[in-house]
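To keep things clear, I will list the structure first and then write my remarks on it.
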Amino acid sequence: MELFLQQVLNGLTLGGVYSLVALGLTLVYGILHVPNFAHGAFYMAGAFVGFYGISSLGLNYWVAMAGAAAAVALIAVLSERLVFHPLRNAPYLHHMIASIGILLFLEAGAQALWGADFHRMETPYTAILDFAGLSLPAQRILIIVAAFVLVGLLQLFLKKTIMGATIVAMAQNRDGAALVGIDARRVAMLTFAISGALAGMAAVLYAPINLVYTSMGNLVITKAFVIIVLGGMGSVPGAIAGGLIIGFAEAFGAFYISTDYKDIIAFALLVVILSFRPEGLFSKGAH
Amino acid sequence: MRLMSPTLGWSALLVLALAFPYLSGNDYHLTVMSTAYIYAIATVGLNLITGYTGQFNLAHSGFMAVGAYTVGILTVDHGVPFWVAFALSGVVAAVIGLFVGLVSLRLKSHFFSIFTLCVGYIMFLLIEKWESLTHGTVGIVGIPAPTAVGPIDFTEARPQYYLVLFFLVASLWIMHRIVHSLLGRTFVAIRNGDHLAQALGINLMRNKLLAFMLSVFFAGLAGGLYAGYVRFLGPGIASVEHTFDMTMYMLVGGIGTLLGPLLGAIAVPWLTQYLQVLQDYRFVVFGPLLVILVIFVPHGVVGSWLRWRRRKAASEVRPPVVEVATHA
């Protein structure tokens with residue numbers, strides 16, 4: 001039973017991080033219909049900025065996280081302005097190639113600045129709490145709580161503010177949104193900023209129990225793609241549910257099946273689901 | 001007025017390629033060129049599914065790895081003669097391509113790419129983790145060189161170069177035959193609009209599947225050559241970065257043209273050679289280059305040149321067209 005609960009905890013940790021990354025991806029997809037392959041590089045950039053802030057500048061963990069969120073939001077907005085905006089009328093193939101260009105640039109840039117080594121990010125939360133026979137590392141609890149708070153805040157923002165409503169409106173109907181006077185450029189920039197900030201924060205949350213290295217975003221982004229395909233491209237609740245599904249599948253798969261093959265579980269799940277439902281699990285009709 | 005007919009141009013390229021070992025100073029240049037040719041074969045394959053048929057396959061390097069590991073595993077662990085294993089490399093890739101294609105090609109545009117990205121990852125992870133079959137991260141060492149055919153022995157750099165060149169020329173010739181046939185035009189019709197193609201009576205699934213299998217056949221073949229040439233294999237060959245590399249070759253030269261991917265696959269590695277300082281950081285330059293190309297020169301060098309020539313040809317016959325327009 002304790003082992004089972006331990007896996008639930010692991011699943012929530014992974015699921016929280018995956019949801020945050022997938023949310024950014026799905027928001028951008030909803031607005032621009034672009035699968036942003038560079039999103040994993042945004043995540044990686046966030047981890048490196050946080051790592052730099054903590055280890056080189058001696059910043060407080062939370063200040064470093066805010067810095068990472070701001071830096072990645074800036075990178076994301078710049079990519080929207082410089083790359084995706086000029087390509088808005090191009091065929092879909094061009095978006096994908098361009099986002100790969102951004103990905104390669106950010107990875108090589110991080111390698112040029114910080115080297116190809118693996119780095120450890122320090123965290124002030126190293127305690128291990130004991131609760132009813134469970135050992136709960138504080139950082140994991142922090143990830144779960146922070147992820148849920150962030151997801152909740154995002155929901156509030158999308159549902160309760162005008163700015164958030166413009167994003168939802170544009171995702172629902174681009175032309176309709178333009179007709180009621182929503183500035184498509186502002187919404188696109190805002191969406192990229194939120195997406196980048198979420199990726200940056202997710203990275204700084206997760207990095208202390210993982211490592212920081214240049215290709216750290218690759219596996220996360222591929223899983224985030226699996227999640228948003230699962231949850232329906234562009235769907236916010238779908239990204240959260242999908243993130244938790246993949247998080248739990250991996251935590252339990254690693255424990256009950258095999259640690260070696262845990263990374264394959266997500267992809268195998270995708271293959272199986274798309275074989276039976278080519279339009280995704282929760283998607284409704286047209287994309 | 002045609003300064004250079006296609007046949008003449010291709011012949012000139014072939015003569016240059018044949019003379020290259022005698023013009024280049026050392027074996028190192030031959031190695032760079034041979035590796036470039038191997039990747040050119042794979043890129044030509046990727047171009048068939050992506051450039052001509054319009055489906056961006058991100059698992060291409062995975063299929064190249066399948067071909068390479070087919071040769072590696074069969075020759076090292078099972079003592080199969082090189083040429084038998086090599087003949088199987090493309091076939092195995094195409095058979096796996098059949099199953100992957102059956103599922104993935106039902107998906108459209110982005111979904112196909114995301115799906116193949118995941119397939120590529122599965123291939124990479126399987127190669128890395130399935131130690132009893134693939135030797136895992138240790139890799140396969142001591143793959144035999146291609147066995148001698150008659151008097152030609154393939155252990156020296158020069159014969160190896162010609163071997164690779166032979167397969168490159170054969171691949172290009174086959175690809176030329178494909179894209180200029182009805183089949184090739186069918187692929188282009190699917191790229192330009194699958195609903196329209198379907199309305200013309202084209203069976204989408206069958207043709208896309210055929211394009212996909214042919215495309216990964218070339219990848220598998222290139223992988224088989226790679227195994228016999230480098231004679232060492234690690235899981236890294238399956239990593240998606242190699243697909244990204246090939247995408248860049250294709251885009252620099254001109255996506256959806258025959259000559260473009262070839263030029264890109266040869267020019268970019270040479271450029272990287274001369275930017276030795278940048279070896280590890282080459283994507284600091286190539287990443288933005290890729291973006292700039294996609295925004296400003298989406299048809300690549302060859303594609304842009306072909307378009308410019310076509311426009312020029314069109315402007316030469318314009319007068320009667322203008323007359324008709326004014327009457328209307």
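Identifiers in this document derive from the order of the structure tokens: chains are assigned A, B, ..., residues are numbered from 1 separately in each chain, and ligands are numbered from 1 in order of occurrence.
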
Please report, as JSON lines, each residue of chain B lying at most 8 Å from chain A, together with the nearest pair of atoms and the separation in Å rounded to one decimal; use only C-alpha atoms, and order rows by chain and ascending residue number.
{"residue": "B:Phe56", "atom": "CA", "partner": "A:Leu93", "partner_atom": "CA", "distance": 7.1}
{"residue": "B:Val103", "atom": "CA", "partner": "A:Ser275", "partner_atom": "CA", "distance": 5.6}
{"residue": "B:Ser104", "atom": "CA", "partner": "A:Ser275", "partner_atom": "CA", "distance": 7.9}
{"residue": "B:Arg106", "atom": "CA", "partner": "A:Pro278", "partner_atom": "CA", "distance": 6.9}
{"residue": "B:Leu107", "atom": "CA", "partner": "A:Pro278", "partner_atom": "CA", "distance": 6.0}
{"residue": "B:Ser109", "atom": "CA", "partner": "A:Tyr92", "partner_atom": "CA", "distance": 7.5}
{"residue": "B:His110", "atom": "CA", "partner": "A:Pro35", "partner_atom": "CA", "distance": 6.8}
{"residue": "B:Phe111", "atom": "CA", "partner": "A:Val229", "partner_atom": "CA", "distance": 7.9}
{"residue": "B:Ile114", "atom": "CA", "partner": "A:Phe225", "partner_atom": "CA", "distance": 6.8}
{"residue": "B:Phe115", "atom": "CA", "partner": "A:Val271", "partner_atom": "CA", "distance": 7.5}
{"residue": "B:Leu117", "atom": "CA", "partner": "A:Thr222", "partner_atom": "CA", "distance": 7.4}
{"residue": "B:Cys118", "atom": "CA", "partner": "A:Phe267", "partner_atom": "CA", "distance": 5.8}
{"residue": "B:Val119", "atom": "CA", "partner": "A:Phe267", "partner_atom": "CA", "distance": 7.4}
{"residue": "B:Tyr121", "atom": "CA", "partner": "A:Phe267", "partner_atom": "CA", "distance": 7.9}
{"residue": "B:Ile122", "atom": "CA", "partner": "A:Ile264", "partner_atom": "CA", "distance": 6.0}
{"residue": "B:Leu125", "atom": "CA", "partner": "A:Ile264", "partner_atom": "CA", "distance": 7.0}
{"residue": "B:Lys129", "atom": "CA", "partner": "A:Asp260", "partner_atom": "CA", "distance": 6.6}
{"residue": "B:Phe244", "atom": "CA", "partner": "A:Ile100", "partner_atom": "CA", "distance": 7.4}
{"residue": "B:Thr247", "atom": "CA", "partner": "A:Ile97", "partner_atom": "CA", "distance": 7.7}
{"residue": "B:Asp280", "atom": "CA", "partner": "A:Ala108", "partner_atom": "CA", "distance": 7.5}
{"residue": "B:Tyr281", "atom": "CA", "partner": "A:Ala108", "partner_atom": "CA", "distance": 5.2}
{"residue": "B:Arg282", "atom": "CA", "partner": "A:Ala108", "partner_atom": "CA", "distance": 7.3}
{"residue": "B:Phe283", "atom": "CA", "partner": "A:Phe105", "partner_atom": "CA", "distance": 5.4}
{"residue": "B:Val284", "atom": "CA", "partner": "A:Phe105", "partner_atom": "CA", "distance": 4.8}
{"residue": "B:Val285", "atom": "CA", "partner": "A:Phe105", "partner_atom": "CA", "distance": 7.4}
{"residue": "B:Phe286", "atom": "CA", "partner": "A:Phe105", "partner_atom": "CA", "distance": 7.4}
{"residue": "B:Gly287", "atom": "CA", "partner": "A:Gly101", "partner_atom": "CA", "distance": 4.1}
{"residue": "B:Pro288", "atom": "CA", "partner": "A:Gly101", "partner_atom": "CA", "distance": 6.0}
{"residue": "B:Leu289", "atom": "CA", "partner": "A:Gly101", "partner_atom": "CA", "distance": 7.6}
{"residue": "B:Leu290", "atom": "CA", "partner": "A:Gly101", "partner_atom": "CA", "distance": 5.4}
{"residue": "B:Val291", "atom": "CA", "partner": "A:Ala98", "partner_atom": "CA", "distance": 4.8}
{"residue": "B:Val294", "atom": "CA", "partner": "A:His94", "partner_atom": "CA", "distance": 6.0}
{"residue": "B:Ile295", "atom": "CA", "partner": "A:Leu87", "partner_atom": "CA", "distance": 6.4}
{"residue": "B:Pro298", "atom": "CA", "partner": "A:His94", "partner_atom": "CA", "distance": 7.8}

Picked from region 195-243 of chain B by DSSP as alpha helix (DSSP H), as a ChimeraX atom specification: /B:195-199,204-230,240-243

Contacts of Met201 (chain A) at 9 Å (only C-alpha atoms; same-chain gap of 5+ positions) as a PyMOL selection string: chain A and resi 20+43+46-47+50+65-66+68-69+196+206

How would the residues just chosen look if you wrote them out with N, CA and C atoms as a compact mmCIF listing (two decimals), in the first residue's frame?
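As written to disk, out-v4.txt reads:
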# COMPACT_ATOMS: atom_id res chain seq x y z
N LEU A 20 2.11 21.33 -17.05
CA LEU A 20 2.54 22.71 -17.25
C LEU A 20 3.15 22.89 -18.64
N TYR A 43 11.75 25.10 -22.48
CA TYR A 43 11.84 24.44 -21.16
C TYR A 43 13.29 24.33 -20.73
N GLY A 46 14.71 27.62 -19.74
CA GLY A 46 14.26 27.99 -18.41
C GLY A 46 15.12 27.36 -17.34
N ALA A 47 15.42 26.06 -17.51
CA ALA A 47 16.25 25.37 -16.52
C ALA A 47 17.63 26.00 -16.43
N GLY A 50 17.48 29.44 -14.70
CA GLY A 50 17.31 29.22 -13.27
C GLY A 50 18.61 28.74 -12.63
N MET A 65 13.39 31.45 -10.20
CA MET A 65 12.28 30.91 -10.99
C MET A 65 11.55 32.03 -11.73
N ALA A 66 11.34 33.15 -11.04
CA ALA A 66 10.69 34.29 -11.70
C ALA A 66 11.56 34.78 -12.86
N ALA A 68 13.66 32.99 -14.61
CA ALA A 68 13.58 32.02 -15.70
C ALA A 68 12.28 32.20 -16.47
N ALA A 69 11.18 32.40 -15.73
CA ALA A 69 9.89 32.58 -16.39
C ALA A 69 9.92 33.80 -17.29
N GLY A 196 5.73 30.37 -22.70
CA GLY A 196 7.14 30.37 -22.32
C GLY A 196 7.31 30.41 -20.81
N TYR A 206 11.17 21.29 -11.74
CA TYR A 206 11.51 19.88 -11.91
C TYR A 206 13.02 19.65 -11.88

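Straight-line separation from CA of Gly253 (chain B) to CA of Val301 (chain B): 5.0 Å.
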
Computed interatomic separation between CA of Ala222 (chain B) and CA of Asn26 (chain B) (Å): 23.8 Å

Between CA of Gly16 (chain A) and CA of Val49 (chain A) - distance in Å to one decimal: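 Separation between CA of Val49 (chain A) and CA of Gly16 (chain A): 20.8 Å.
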
DSSP strand (DSSP E) residues within region 100-270 of chain B, listed as JSON, numbers by chain: {"B": [140, 141, 232, 233]}
